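S.K.: The structure's right below; bear with me while I get my questions together.
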Number of protein chains: 2
Amino acid sequence: MSIYQRIFTDIETKIISGAWRPGDRIPVEHELVAEYRCSRMTVSKALSALAERGMIVRRRKTGSFVASPQIDRTVMDIQDISTEAELAGHEHRFEILARKIERLGEAEAQQLSEPADAEVLRLQCLHMVDGRPNAIERRIIMLDAVPGAREESFTSIPPGKWLLEQVPWSKAKHVIRAVSADTVTARILQTERGEACLSFVRQTWQNGRTVTYVEFIHPGDRFQFAGTFHPAAN
Amino acid sequence: MSIYQRIFTDIETKIISGAWRPGDRIPVEHELVAEYRCSRMTVSKALSALAERGMIVRRRKTGSFVASPQIDRTVMDIQDISTEAELAGHEHRFEILARKIERLGEAEAQQLSEPADAEVLRLQCLHMVDGRPNAIERRIIMLDAVPGAREESFTSIPPGKWLLEQVPWSKAKHVIRAVSADTVTARILQTERGEACLSFVRQTWQNGRTVTYVEFIHPGDRFQFAGTFHPAAN
DNA sequence: GCTCCGCTTTTGACTATACAAATAGATATA
DNA sequence: TATATCTATTTGTATAGTCAAAAGCGGAGC
């Protein structure tokens, strides 16, 4: 493994593991030069590659800093607002419909590849945009991975945003599909039973452990994803 | 603009414009060194960046080559097969349901930001996976951008694949949403009217001109997108 | 207090060079 | 003929420096 790759993965690991959190300052180049006993070019190459991937931000004179996770953030933005009339001054509210702590069922445990007796926080939220229901959020938070969630009421901050602050730089898998609204979903979203809805599922890991599993169900007539999507292998 | 950026964008432009096509060999480093009157490190940096973005492939001794466009290709793969049981030996067929040459309507011209009198090839295809309908493809091909489409019957090669060979390295915009199947769609997809379907729209440009606009409609019970999605700004 | 100037730190770009690793193609050998 | 070896080419990594640009900071002058 090359020096430059070692520097790259060392820093990447520190960021993904949470040891270095967003906003933290990264050692300046000459410190890394001393630490790895290599030339400045080598350090620079590693840091530039990290910057290009959006994991760090570099500024002259002030140094390099861990960036805010932008993968989930862009997805988050898209979820919070209807992309069609993006940034056009929509107001977003949310309310918690249900909140309980329990253990994973057998079927879910299988689906998440987690032990069946794992303690989880189960949340159900309703997101409103301009006063109309825009999404149901059904979320499972693994309490052993995020113990702080046990005491959080999520009345002032949505669970997604809260998790983003607690668990920076996770890896995620997404699934998008179309589903018909069942009776309960239709009632909550104020739409018809059988209405086409967009289901957006995300499972998030940190250090190989599941952090959260969430499904957003959006009414088809009020939501779409837009942008340049790059489905990746893992 | 730095030398390394100039090299990068020069080559990127040649690839996106189609001047250099997939498989074409890129000048070796020492030729670019001579052309740009710079050091090998600078050339190397530009080529490495292009390689990291997947635009070129580099191999020792043989040189660097224009890569095959993998953005559309991954999306293509996902469209051809149901991702859930990915690579599990599904067979894919398609048939052309309609094919006609006409001029863009006023509404569509508006939507595509193209002149209303532009001549287009309008296609409708049905994609089958394991003998069951998996997608309707409704496509518009701009004939001034791709004149060769006028004589292509698309009986042996799907339009998406054919275009990929004709128009390498385009930029694309995607929209994903959920829709209800109308009567016609439901009949073609052999499903119920009102069934939730996943609509996947892609508009493709090359050199600022629209090349094609396509909508895939997948039955919700037989299709999903999976993977790690990175919605990008442009 | 405020503005401007210069100093210093940090990143950005670049050079010229060196050696290593991969490998296609030519050559020699069994 | 088949196989092993050599060689030349091309990329990959690294060094040790230079000069430049950005920007925070402190001090001089008003």
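Order determines the names: the first chain of the structure tokens is A, the second B, and so forth; residues in each chain are numbered 1 upward, and ligands are numbered 1 upward as they are shown.
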Residues of chain C no more than 12 Å from chain B, counting only C-alpha atoms (C1' of nucleotides): send them over as a PyMOL selection string.

M.R.: chain C and resi 12-17+21-25

S.K.: Using only C-alpha atoms (C1' of nucleotides), find the residues of chain D whose closest atom to chain A is at most 12 Å away, then write them as a list of chain:residue names.

M.R.: D:DG12, D:DT13, D:DA14, D:DT15, D:DA16, D:DG17, D:DA21, D:DA22, D:DA23, D:DG24, D:DC25

S.K.: List every residue of region 12-194 of chain B that DSSP, applied to the backbone of this structure, places in strand (DSSP E), and write the result as a ChimeraX atom specification.

M.R.: /B:25-26,56-59,63-66,92-103,119-129,132-142,171-180

S.K.: Write the residues of the selection above to a file with C-alpha atoms, as a tab-separated table (two decimals), in the first residue's frame.

M.R.:
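out.tsv, freshly written:
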```tsv
chain	number	residue	atom	x	y	z
B	25	ARG	CA	-6.22	5.97	-27.24
B	26	ILE	CA	-5.22	9.15	-25.47
B	56	ILE	CA	-10.56	7.32	-19.04
B	57	VAL	CA	-8.93	4.01	-18.21
B	58	ARG	CA	-5.18	3.79	-17.68
B	59	ARG	CA	-2.98	0.73	-18.08
B	63	GLY	CA	-1.53	3.70	-22.36
B	64	SER	CA	-4.74	5.53	-21.52
B	65	PHE	CA	-8.06	5.04	-23.31
B	66	VAL	CA	-11.43	6.74	-23.37
B	92	HIS	CA	-34.53	-9.87	-21.22
B	93	ARG	CA	-36.50	-9.24	-24.40
B	94	PHE	CA	-38.01	-6.14	-25.91
B	95	GLU	CA	-40.30	-5.24	-28.75
B	96	ILE	CA	-41.10	-2.03	-30.59
B	97	LEU	CA	-44.76	-1.12	-30.15
B	98	ALA	CA	-44.65	2.09	-32.18
B	99	ARG	CA	-42.20	4.00	-34.30
B	100	LYS	CA	-42.91	7.22	-36.18
B	101	ILE	CA	-41.12	10.35	-37.32
B	102	GLU	CA	-42.87	13.64	-36.61
B	103	ARG	CA	-42.39	17.15	-35.28
B	119	GLU	CA	-38.02	16.63	-36.21
B	120	VAL	CA	-38.03	13.70	-33.83
B	121	LEU	CA	-38.26	9.95	-33.85
B	122	ARG	CA	-40.92	8.78	-31.43
B	123	LEU	CA	-40.58	5.26	-30.09
B	124	GLN	CA	-42.57	3.07	-27.77
B	125	CYS	CA	-41.05	-0.18	-26.56
B	126	LEU	CA	-42.03	-2.93	-24.19
B	127	HIS	CA	-39.33	-4.59	-22.10
B	128	MET	CA	-39.92	-8.09	-20.80
B	129	VAL	CA	-37.96	-9.82	-18.06
B	132	ARG	CA	-43.32	-10.67	-17.91
B	133	PRO	CA	-43.63	-7.00	-18.86
B	134	ASN	CA	-41.12	-5.02	-16.86
B	135	ALA	CA	-41.22	-1.59	-18.44
B	136	ILE	CA	-42.76	0.60	-21.08
B	137	GLU	CA	-40.21	2.85	-22.72
B	138	ARG	CA	-41.52	6.02	-24.37
B	139	ARG	CA	-38.71	7.78	-26.12
B	140	ILE	CA	-38.10	10.86	-28.23
B	141	ILE	CA	-34.89	11.04	-30.26
B	142	MET	CA	-33.91	14.40	-31.74
B	171	LYS	CA	-24.82	14.54	-19.65
B	172	ALA	CA	-28.18	13.56	-18.29
B	173	LYS	CA	-30.87	14.63	-15.88
B	174	HIS	CA	-33.11	12.17	-14.12
B	175	VAL	CA	-36.48	12.39	-12.44
B	176	ILE	CA	-38.02	9.56	-10.46
B	177	ARG	CA	-41.60	9.59	-9.31
B	178	ALA	CA	-44.60	7.38	-8.63
B	179	VAL	CA	-47.60	7.38	-10.93
B	180	SER	CA	-50.80	5.40	-11.27
```

S.K.: With distances taken over only C-alpha atoms, which residue among B:Val211, B:Val201, B:Ala196, B:Val184 lies nearest chain A?

M.R.: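 Distance minimum relative to chain A lands on B:Ala196.
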
S.K.: Using only C-alpha atoms, find the one residue out of A:Arg150, A:Arg53, A:Arg6, A:Arg21 that sits nearest to chain B.

M.R.: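 Checking each candidate against chain B, we get A:Arg53 as the closest.
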
S.K.: Work out how far apart CA of Glu29 (chain A) and CA of Leu50 (chain B) are and give it in Å to one decimal.

M.R.: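 Separation between CA of Glu29 (chain A) and CA of Leu50 (chain B): 24.7 Å.
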
S.K.: Quick check for you: according to DSSP on this backbone, which residues of chain B are classed as alpha helix (DSSP H)? Reply as a PyMOL selection string.

M.R.: chain B and resi 3-17+29-36+40-52+70-80+106-112+159-166+183-189

S.K.: Next, write the just-selected residues to a file, as an mmCIF file, in the first residue's frame, keeping C-alpha atoms as the atom set.

M.R.:
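Below is the file part_14.cif, written as the result:
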```cif
data_model
loop_
_atom_site.group_PDB
_atom_site.id
_atom_site.type_symbol
_atom_site.label_atom_id
_atom_site.label_comp_id
_atom_site.auth_asym_id
_atom_site.auth_seq_id
_atom_site.Cartn_x
_atom_site.Cartn_y
_atom_site.Cartn_z
ATOM 1 C CA ILE B 3 -2.120 23.913 -16.719
ATOM 2 C CA TYR B 4 -3.450 20.793 -15.089
ATOM 3 C CA GLN B 5 -7.004 22.093 -15.370
ATOM 4 C CA ARG B 6 -6.457 23.021 -18.982
ATOM 5 C CA ILE B 7 -5.278 19.522 -19.810
ATOM 6 C CA PHE B 8 -8.176 18.063 -17.866
ATOM 7 C CA THR B 9 -10.877 20.125 -19.553
ATOM 8 C CA ASP B 10 -9.310 19.835 -23.002
ATOM 9 C CA ILE B 11 -9.475 16.067 -22.825
ATOM 10 C CA GLU B 12 -12.859 16.063 -21.127
ATOM 11 C CA THR B 13 -14.217 18.270 -23.924
ATOM 12 C CA LYS B 14 -12.831 16.004 -26.625
ATOM 13 C CA ILE B 15 -14.493 13.024 -24.969
ATOM 14 C CA ILE B 16 -17.859 14.654 -24.301
ATOM 15 C CA SER B 17 -18.003 16.194 -27.765
ATOM 16 C CA GLU B 29 2.118 11.326 -21.050
ATOM 17 C CA HIS B 30 5.320 12.423 -22.760
ATOM 18 C CA GLU B 31 3.347 13.589 -25.817
ATOM 19 C CA LEU B 32 1.127 15.734 -23.622
ATOM 20 C CA VAL B 33 4.228 16.973 -21.823
ATOM 21 C CA ALA B 34 5.551 18.167 -25.180
ATOM 22 C CA GLU B 35 2.203 19.608 -26.262
ATOM 23 C CA TYR B 36 1.577 21.602 -23.087
ATOM 24 C CA ARG B 40 5.136 14.911 -16.477
ATOM 25 C CA MET B 41 3.736 15.312 -12.953
ATOM 26 C CA THR B 42 1.282 17.913 -14.200
ATOM 27 C CA VAL B 43 0.057 15.718 -17.035
ATOM 28 C CA SER B 44 -0.133 12.775 -14.676
ATOM 29 C CA LYS B 45 -2.281 14.732 -12.248
ATOM 30 C CA ALA B 46 -4.768 15.627 -14.974
ATOM 31 C CA LEU B 47 -4.962 12.091 -16.331
ATOM 32 C CA SER B 48 -5.300 10.607 -12.849
ATOM 33 C CA ALA B 49 -8.205 12.932 -12.146
ATOM 34 C CA LEU B 50 -9.886 11.889 -15.380
ATOM 35 C CA ALA B 51 -9.321 8.257 -14.470
ATOM 36 C CA GLU B 52 -10.816 8.772 -11.019
ATOM 37 C CA GLN B 70 -20.694 4.244 -17.177
ATOM 38 C CA ILE B 71 -23.278 6.621 -15.780
ATOM 39 C CA ASP B 72 -25.913 5.703 -18.282
ATOM 40 C CA ARG B 73 -24.642 2.191 -18.378
ATOM 41 C CA THR B 74 -25.289 1.513 -14.702
ATOM 42 C CA VAL B 75 -28.714 3.032 -15.014
ATOM 43 C CA MET B 76 -29.193 0.946 -18.124
ATOM 44 C CA ASP B 77 -28.252 -2.210 -16.290
ATOM 45 C CA ILE B 78 -30.695 -1.430 -13.562
ATOM 46 C CA GLN B 79 -33.394 -0.876 -16.114
ATOM 47 C CA ASP B 80 -32.745 -4.057 -17.981
ATOM 48 C CA GLU B 106 -45.824 22.851 -28.607
ATOM 49 C CA ALA B 107 -46.115 21.487 -25.068
ATOM 50 C CA GLU B 108 -43.294 19.010 -25.474
ATOM 51 C CA ALA B 109 -41.068 21.594 -27.128
ATOM 52 C CA GLN B 110 -41.550 23.756 -24.068
ATOM 53 C CA GLN B 111 -40.762 20.870 -21.752
ATOM 54 C CA LEU B 112 -37.584 19.914 -23.591
ATOM 55 C CA PRO B 159 -32.802 2.194 -28.495
ATOM 56 C CA GLY B 160 -30.971 2.942 -25.250
ATOM 57 C CA LYS B 161 -28.097 0.676 -26.111
ATOM 58 C CA TRP B 162 -27.988 1.924 -29.690
ATOM 59 C CA LEU B 163 -27.821 5.541 -28.554
ATOM 60 C CA LEU B 164 -25.047 4.707 -26.138
ATOM 61 C CA GLU B 165 -22.960 3.621 -29.103
ATOM 62 C CA GLN B 166 -23.880 6.600 -31.233
ATOM 63 C CA THR B 183 -55.819 2.110 -18.802
ATOM 64 C CA VAL B 184 -53.429 1.823 -21.723
ATOM 65 C CA THR B 185 -50.334 1.476 -19.569
ATOM 66 C CA ALA B 186 -51.995 -1.127 -17.369
ATOM 67 C CA ARG B 187 -53.005 -3.206 -20.373
ATOM 68 C CA ILE B 188 -49.507 -3.177 -21.824
ATOM 69 C CA LEU B 189 -47.850 -3.982 -18.506
#
```
